[in-house]
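Structure file target-v3.txt (compact mmCIF, C-alpha atoms) is printed below.
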# COMPACT_ATOMS: atom_id res chain seq x y z
CA MET A 313 98.20 65.13 126.80
CA PRO A 314 101.37 63.57 128.27
CA GLY A 315 104.08 66.08 129.07
CA ARG A 316 101.82 69.09 128.47
CA VAL A 317 100.21 71.56 130.87
CA ILE A 318 98.10 74.67 130.77
CA MET A 319 99.83 77.51 132.59
CA THR A 320 97.34 79.45 134.72
CA VAL A 321 97.83 82.38 137.08
CA THR A 322 97.79 79.94 139.99
CA GLY A 323 100.19 77.47 138.38
CA PRO A 324 100.15 74.65 135.84
CA ILE A 325 97.16 72.35 135.46
CA ASP A 326 96.47 69.19 133.49
CA PRO A 327 94.64 70.09 130.26
CA ALA A 328 92.02 67.50 131.18
CA ASP A 329 91.04 69.67 134.16
CA LEU A 330 90.24 72.83 132.19
CA GLY A 331 86.42 72.66 131.92
CA PRO A 332 84.04 74.99 130.03
CA THR A 333 86.12 77.93 128.84
CA ASP A 334 85.57 81.50 127.68
CA ALA A 335 88.53 81.55 125.27
CA HIS A 336 88.78 85.34 124.89
CA ASP A 337 87.93 87.88 127.53
CA HIS A 338 89.17 90.68 129.78
CA LEU A 339 88.87 91.51 133.48
CA PHE A 340 91.26 94.47 133.71
CA LEU A 341 92.06 96.88 130.88
CA GLN A 342 93.55 100.33 130.40
CA THR A 343 94.41 101.67 126.96
CA PRO A 344 94.74 105.01 125.13
CA ALA A 345 92.40 103.57 122.52
CA GLN A 346 89.62 103.67 125.17
CA PRO A 347 90.65 106.52 127.49
CA ASP A 348 87.36 106.68 129.40
CA ASP A 349 86.79 102.96 129.63
CA THR A 350 89.35 101.70 132.13
CA MET A 351 88.48 98.51 133.99
CA ASP A 352 90.48 98.33 137.21
CA ASP A 353 87.97 97.52 139.96
CA PHE A 354 88.89 94.24 141.64
CA GLU A 355 85.57 93.65 143.40
CA ARG A 356 83.64 94.21 140.19
CA ALA A 357 85.96 91.79 138.41
CA VAL A 358 85.25 89.18 141.08
CA THR A 359 81.51 89.82 140.83
CA GLU A 360 81.65 89.32 137.06
CA LEU A 361 83.60 86.09 137.41
CA GLU A 362 81.19 84.80 140.04
CA GLN A 363 78.29 85.45 137.68
CA GLY A 364 80.05 83.41 135.03
CA ARG A 365 80.90 80.67 137.51
CA ALA A 366 77.23 80.43 138.52
CA THR A 367 76.37 79.45 134.93
CA GLY A 368 79.00 76.70 134.83
CA LEU A 369 81.99 78.62 133.49
CA ALA A 370 85.18 76.97 134.74
CA ALA A 371 87.95 78.78 132.85
CA PHE A 372 88.67 82.22 131.47
CA VAL A 373 91.39 83.27 129.02
CA ASP A 374 92.31 86.87 129.79
CA LEU A 375 93.85 88.24 126.59
CA THR A 376 94.97 91.60 127.98
CA PRO A 377 98.61 91.82 126.80
CA ILE A 378 101.66 93.86 127.81
CA GLY A 379 100.99 97.56 128.33
CA LEU A 380 97.19 97.45 128.54
CA GLY A 381 96.64 97.43 132.29
CA ARG A 382 96.80 93.70 132.94
CA GLN A 383 96.98 92.96 136.66
CA PRO A 384 98.71 89.61 137.33
CA GLU A 385 98.35 89.70 141.12
CA LEU A 386 94.68 90.69 140.92
CA LEU A 387 94.03 87.99 138.33
CA ARG A 388 95.54 85.41 140.66
CA GLU A 389 93.55 86.68 143.64
CA ALA A 390 90.36 86.63 141.54
CA ALA A 391 91.08 83.03 140.57
CA PHE A 392 91.52 82.07 144.23
CA ARG A 393 88.39 83.97 145.28
CA THR A 394 86.09 82.52 142.63
CA GLY A 395 87.54 79.12 141.76
CA VAL A 396 87.63 80.08 138.07
CA THR A 397 90.79 79.01 136.24
CA ILE A 398 92.42 82.06 134.61
CA VAL A 399 95.01 81.96 131.84
CA ALA A 400 96.78 85.31 131.37
CA ALA A 401 98.37 86.70 128.23
CA SER A 402 101.70 88.08 127.22
CA GLY A 403 102.29 89.64 123.80
CA TYR A 404 101.25 92.90 122.18
CA HIS A 405 98.11 94.46 120.68
CA ARG A 406 97.63 96.55 117.54
CA ASP A 407 99.10 100.05 117.14
CA ALA A 408 96.06 101.95 118.44
CA HIS A 409 96.62 100.60 121.96
CA TYR A 410 100.07 102.16 122.44
CA SER A 411 100.91 105.85 122.78
CA ALA A 412 103.73 107.31 120.69
CA GLY A 413 106.19 107.24 123.58
CA ASP A 414 105.40 103.73 124.78
CA TRP A 415 108.50 101.54 125.07
CA VAL A 416 106.78 98.95 122.90
CA ASN A 417 107.02 101.33 119.93
CA ASN A 418 110.75 101.85 120.42
CA ALA A 419 111.87 98.30 121.25
CA SER A 420 113.77 96.01 118.92
CA GLU A 421 112.33 92.69 117.79
CA ASP A 422 114.73 90.86 120.11
CA GLU A 423 113.70 93.02 123.07
CA LEU A 424 110.03 92.38 122.36
CA THR A 425 110.64 88.64 122.09
CA THR A 426 112.68 88.48 125.28
CA ARG A 427 109.94 90.21 127.28
CA VAL A 428 107.32 87.70 126.14
CA ILE A 429 109.56 84.72 126.87
CA SER A 430 110.20 86.12 130.36
CA ASP A 431 106.45 86.51 130.99
CA ILE A 432 105.87 82.87 130.13
CA ASN A 433 108.93 81.24 131.67
CA TYR A 434 109.39 83.39 134.79
CA GLY A 435 106.49 85.77 135.46
CA MET A 436 104.73 88.96 134.41
CA ASP A 437 105.52 92.48 135.58
CA ARG A 438 108.06 91.58 138.28
CA THR A 439 105.91 88.80 139.73
CA THR A 440 106.23 85.02 139.57
CA ILE A 441 102.78 84.77 137.95
CA ARG A 442 103.30 83.32 134.51
CA SER A 443 101.48 83.95 131.25
CA GLY A 444 100.04 80.93 129.48
CA VAL A 445 99.19 82.34 126.05
CA ILE A 446 100.49 85.03 123.67
CA LYS A 447 98.40 87.87 122.19
CA GLY A 448 99.01 89.58 118.86
CA GLY A 449 97.16 92.36 117.09
CA ALA A 450 96.71 93.76 113.60
CA SER A 451 94.91 96.75 112.12
CA LEU A 452 92.25 96.77 109.42
CA ASN A 453 93.00 94.56 106.40
CA ARG A 454 96.63 93.77 107.26
CA PRO A 455 99.29 94.35 109.91
CA SER A 456 101.14 97.67 109.86
CA ALA A 457 104.94 97.65 109.79
CA MET A 458 105.12 97.94 113.59
CA GLU A 459 102.45 95.29 114.08
CA ALA A 460 104.36 92.98 111.74
CA LEU A 461 107.48 93.52 113.85
CA ARG A 462 105.56 92.60 116.98
CA LEU A 463 104.01 89.55 115.31
CA ARG A 464 107.46 88.32 114.33
CA ALA A 465 108.58 88.84 117.93
CA ILE A 466 105.70 86.82 119.36
CA ALA A 467 106.27 84.09 116.78
CA ALA A 468 109.84 83.75 118.05
CA ALA A 469 108.58 83.68 121.65
CA ALA A 470 106.01 81.03 120.78
CA GLN A 471 108.71 78.86 119.24
CA ALA A 472 110.86 79.27 122.34
CA THR A 473 108.12 78.45 124.83
CA GLY A 474 105.49 76.37 123.03
CA ALA A 475 102.73 78.82 123.97
CA ALA A 476 99.84 79.38 121.57
CA ILE A 477 99.23 82.66 119.76
CA PHE A 478 95.84 84.43 119.64
CA VAL A 479 95.68 87.36 117.19
CA HIS A 480 93.20 90.24 117.16
CA THR A 481 91.87 90.79 113.64
CA GLU A 482 90.30 94.21 113.16
CA ALA A 483 86.67 93.54 112.20
CA GLY A 484 87.66 90.05 111.10
CA THR A 485 89.97 91.28 108.32
CA GLY A 486 93.59 90.54 107.47
CA GLY A 487 93.49 86.87 108.40
CA PRO A 488 95.49 85.54 105.42
CA ALA A 489 98.23 88.16 105.85
CA ILE A 490 98.52 87.42 109.58
CA VAL A 491 98.69 83.67 109.05
CA ASP A 492 101.22 83.99 106.22
CA LEU A 493 103.47 86.18 108.37
CA LEU A 494 103.39 83.84 111.36
CA ALA A 495 103.85 80.76 109.17
CA ALA A 496 106.87 82.35 107.49
CA GLU A 497 108.38 82.70 110.98
CA GLY A 498 107.92 78.98 111.61
CA THR A 499 104.71 79.02 113.68
CA PRO A 500 102.76 75.76 113.26
CA ALA A 501 99.24 76.37 111.99
CA ASP A 502 97.60 74.69 114.97
CA ARG A 503 99.30 77.15 117.35
CA ILE A 504 97.61 80.12 115.63
CA THR A 505 94.13 81.35 116.62
CA LEU A 506 92.41 84.26 114.92
CA ALA A 507 89.94 86.29 116.99
CA HIS A 508 86.84 88.21 115.86
CA MET A 509 86.37 86.31 112.61
CA ASP A 510 82.63 86.19 113.34
CA ARG A 511 82.58 89.93 112.59
CA ASN A 512 83.38 89.03 108.99
CA PRO A 513 81.20 85.97 108.33
CA ASP A 514 82.59 85.26 104.86
CA ARG A 515 82.07 81.50 104.67
CA ALA A 516 84.56 80.98 101.84
CA LEU A 517 87.26 82.91 103.71
CA HIS A 518 86.64 80.97 106.92
CA VAL A 519 86.85 77.63 105.11
CA GLU A 520 90.07 78.69 103.36
CA LEU A 521 91.73 79.69 106.63
CA LEU A 522 90.49 76.75 108.70
CA ARG A 523 91.51 74.32 105.98
CA GLY A 524 95.07 75.48 106.61
CA GLY A 525 94.91 74.07 110.14
CA ILE A 526 94.56 77.24 112.23
CA ASN A 527 91.93 77.89 114.90
CA PHE A 528 89.22 80.53 115.32
CA VAL A 529 87.68 81.94 118.47
CA TYR A 530 84.24 83.30 117.65
CA ASP A 531 84.11 85.98 120.32
CA THR A 532 81.63 88.76 119.63
CA ILE A 533 78.86 86.63 121.12
CA GLY A 534 76.15 88.65 122.86
CA ARG A 535 77.10 91.99 121.31
CA GLU A 536 74.25 92.92 119.04
CA LYS A 537 76.07 95.84 117.40
CA TYR A 538 78.14 93.17 115.65
CA GLY A 539 75.12 91.08 114.68
CA GLN A 540 72.63 88.71 116.22
CA ASP A 541 73.61 85.54 118.06
CA SER A 542 71.32 83.64 115.71
CA ALA A 543 73.60 84.64 112.82
CA ARG A 544 76.64 83.43 114.76
CA ILE A 545 74.91 80.11 115.34
CA ASP A 546 74.24 79.84 111.60
CA LEU A 547 77.93 80.52 110.94
CA ILE A 548 79.09 77.94 113.47
CA ALA A 549 76.68 75.35 112.08
CA ASP A 550 78.08 75.95 108.59
CA MET A 551 81.66 75.51 109.82
CA LEU A 552 80.69 72.31 111.62
CA ASP A 553 79.07 71.02 108.44
CA ALA A 554 82.32 71.82 106.63
CA GLY A 555 84.22 69.63 109.09
CA PHE A 556 85.95 72.19 111.28
CA GLY A 557 84.48 71.39 114.70
CA ASP A 558 87.96 70.71 116.05
CA ARG A 559 89.16 74.23 115.15
CA LEU A 560 86.57 76.45 116.83
CA MET A 561 86.43 78.06 120.27
CA LEU A 562 83.96 80.48 121.85
CA GLY A 563 84.38 83.70 123.84
CA LEU A 564 82.76 87.01 124.73
CA ASP A 565 85.66 89.54 124.61
CA LEU A 566 84.07 91.87 127.15
CA GLY A 567 86.69 94.58 126.70
CA ARG A 568 84.54 97.54 127.76
CA ARG A 569 82.72 98.48 130.96
CA ALA A 570 79.50 98.58 128.95
CA TYR A 571 79.74 94.82 128.44
CA HIS A 572 80.15 93.87 132.13
CA ARG A 573 77.10 93.53 134.34
CA ALA A 574 79.29 94.38 137.33
CA TYR A 575 79.74 97.83 135.75
CA GLY A 576 76.03 98.09 134.90
CA GLY A 577 76.33 96.81 131.33
CA GLU A 578 75.35 93.86 129.14
CA PRO A 579 75.60 91.02 128.17
CA GLY A 580 77.83 90.01 131.08
CA LEU A 581 80.04 86.98 131.56
CA GLY A 582 77.10 84.70 132.24
CA HIS A 583 75.80 85.10 128.68
CA LEU A 584 78.07 82.50 127.09
CA LEU A 585 76.81 79.48 129.04
CA ALA A 586 73.41 80.71 130.22
CA SER A 587 72.11 81.97 126.87
CA PHE A 588 74.32 81.28 123.87
CA ALA A 589 75.42 77.71 124.57
CA PRO A 590 71.87 76.38 125.13
CA ALA A 591 70.70 77.95 121.86
CA LEU A 592 73.73 76.53 120.07
CA ARG A 593 73.10 73.08 121.54
CA GLN A 594 69.55 73.11 120.21
CA ARG A 595 70.98 73.68 116.74
CA VAL A 596 74.09 71.47 116.65
CA GLY A 597 73.85 69.10 119.63
CA ASP A 598 75.82 68.62 122.83
CA GLY A 599 79.00 67.07 121.41
CA PRO A 600 80.13 69.95 119.19
CA VAL A 601 79.42 72.50 121.92
CA GLU A 602 81.49 70.54 124.44
CA GLN A 603 84.27 70.36 121.86
CA MET A 604 84.24 74.13 121.32
CA LEU A 605 84.03 74.98 125.04
CA ILE A 606 86.33 72.32 126.53
CA THR A 607 88.25 70.04 124.17
CA ASN A 608 89.54 72.62 121.72
CA PRO A 609 90.65 75.22 124.32
CA ALA A 610 92.43 72.47 126.26
CA ARG A 611 94.32 71.43 123.13
CA VAL A 612 95.21 74.97 122.07
CA LEU A 613 96.30 76.19 125.50
CA ALA A 614 98.39 73.11 126.32
CA MET A 615 102.13 73.70 126.19
CA PRO A 616 105.26 71.74 127.18
CA ALA A 617 105.50 71.15 130.89
Once more with this new file: its structure as structure tokens, please.
Amino acid sequence: MPGRVIMTVTGPIDPADLGPTDAHDHLFLQTPAQPDDTMDDFERAVTELEQGRATGLAAFVDLTPIGLGRQPELLREAAFRTGVTIVAASGYHRDAHYSAGDWVNNASEDELTTRVISDINYGMDRTTIRSGVIKGGASLNRPSAMEALRLRAIAAAAQATGAAIFVHTEAGTGGPAIVDLLAAEGTPADRITLAHMDRNPDRALHVELLRGGINFVYDTIGREKYGQDSARIDLIADMLDAGFGDRLMLGLDLGRRAYHRAYGGEPGLGHLLASFAPALRQRVGDGPVEQMLITNPARVLAMPA
């Protein structure tokens, strides 16, 4: 990809060097939406990354945005310690993750945009560690008024920087409204990724959205409360049969202590490559899995040098 790089917490890399990627996850997190579920232990974060690295995981997209306890310096140190490439997020989550007095709820659209551009071009939270992707969030069925404001702000930041946008969909809903809003702000379809769509495995809806040129990250893998991995494999196989292999990525979204083995939970970061990917390969073959784990994340995360 001439003239394009992936911005990681240790600096820019060639997209060709990315390797197998968990395209949606979290190492550090603190939010009023989960008051007793803070993840802030550096050594446990390193342990979790090392477990993923042992299965062949090379890269990790940390989608913890502004105001949710992201730790740029610890992310960089974890990348150095483990050898795992980490891409950190700017942007904003859905309403539930911000308290009433949070500055995010009182900022103008221009202020919100400027903060994201600064994260990407200069560095996060008074550091020189740069974000490489932008997070958005929406509530059930469609974005609220405040979420729509924040989505417009990140759309402007994406246009200014070339960074891709990943948007949280609540239980896989609201996809058309999110895409329409971002498109109206000038965001190219291929720079939009919707998360959690595997929680709403409506084949017709998925085909409709993917046909418009956006991307999905299927990212509730390994979490049985949202369904069995076998059902996710069926869904992926159907989307591959429909011709959308170039629009899919995979992730775990381990946003709670109960999902990290380092905190005593399951399935752990090793699940993606140790368990899910082999089962998926048996169903669809090696090529599509490599595309979802390597080729597609490299394309989506690449931005102007």
| task | Kindly indicate which residue among A:Gly580, A:Gly539, A:Pro500, A:Gly557 lies nearest to A:Val519, using all atoms listed in the file for the distances. | result |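 Of all the options, A:Gly557 lies closest to A:Val519.
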Excluding A:Pro384 and residues on its chain fewer than 5 positions from it, collect all residues at most 9 Å away from it, counting only C-alpha atoms, and give them as a PDB file with C-alpha atoms, in the frame of the given file.
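Output below, filename part.pdb:
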ATOM      1  CA  VAL A 321      97.830  82.380 137.080  1.00  0.00           C
ATOM      2  CA  GLU A 389      93.550  86.680 143.640  1.00  0.00           C
ATOM      3  CA  ALA A 400      96.780  85.310 131.370  1.00  0.00           C
ATOM      4  CA  GLY A 435     106.490  85.770 135.460  1.00  0.00           C
ATOM      5  CA  MET A 436     104.730  88.960 134.410  1.00  0.00           C
ATOM      6  CA  ASP A 437     105.520  92.480 135.580  1.00  0.00           C
ATOM      7  CA  THR A 439     105.910  88.800 139.730  1.00  0.00           C
ATOM      8  CA  ILE A 441     102.780  84.770 137.950  1.00  0.00           C
ATOM      9  CA  ARG A 442     103.300  83.320 134.510  1.00  0.00           C
ATOM     10  CA  SER A 443     101.480  83.950 131.250  1.00  0.00           C
TER      11      SER A 443
END
Please, what is the axis-aligned box for every listed atom of stretch 327-338 of chain A with 8 Å on each side, as centre and edge lengths in Å to one decimal, as JSON?
{"center_x": 89.3, "center_y": 79.1, "center_z": 129.5, "size_x": 26.6, "size_y": 39.2, "size_z": 25.3}
| message | Need to verify the contact set: stretch 368-383 of chain A, 9 Å, all atoms listed in the file, exclusion of same-chain residues closer than 3 positions in sequence. Can you return it as a ChimeraX atom specification? | response | /A:330-344,350-352,361,363-365,386-388,395-405,409-410,414,416,428,436-437,444-448,478,563,565,567,581-582,584-586
| request: For a cut-off of 9 Å around (107.5, 87.0, 113.7), file coordinates, pick out all residues using all atoms listed in the file and list them as a PyMOL selection string. | output: chain A and resi 421+460-469+493-499
Please save C-alpha atoms of the selected residues as a compact mmCIF listing (two decimals), keeping the file's coordinate frame.
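File produced: part.txt:
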# COMPACT_ATOMS: atom_id res chain seq x y z
CA GLU A 421 112.33 92.69 117.79
CA ALA A 460 104.36 92.98 111.74
CA LEU A 461 107.48 93.52 113.85
CA ARG A 462 105.56 92.60 116.98
CA LEU A 463 104.01 89.55 115.31
CA ARG A 464 107.46 88.32 114.33
CA ALA A 465 108.58 88.84 117.93
CA ILE A 466 105.70 86.82 119.36
CA ALA A 467 106.27 84.09 116.78
CA ALA A 468 109.84 83.75 118.05
CA ALA A 469 108.58 83.68 121.65
CA LEU A 493 103.47 86.18 108.37
CA LEU A 494 103.39 83.84 111.36
CA ALA A 495 103.85 80.76 109.17
CA ALA A 496 106.87 82.35 107.49
CA GLU A 497 108.38 82.70 110.98
CA GLY A 498 107.92 78.98 111.61
CA THR A 499 104.71 79.02 113.68
| said: What's the separation between atom CA of A:Ala591 and atom CA of A:Asp546, in Å to one decimal place? | reply: 11.0 Å
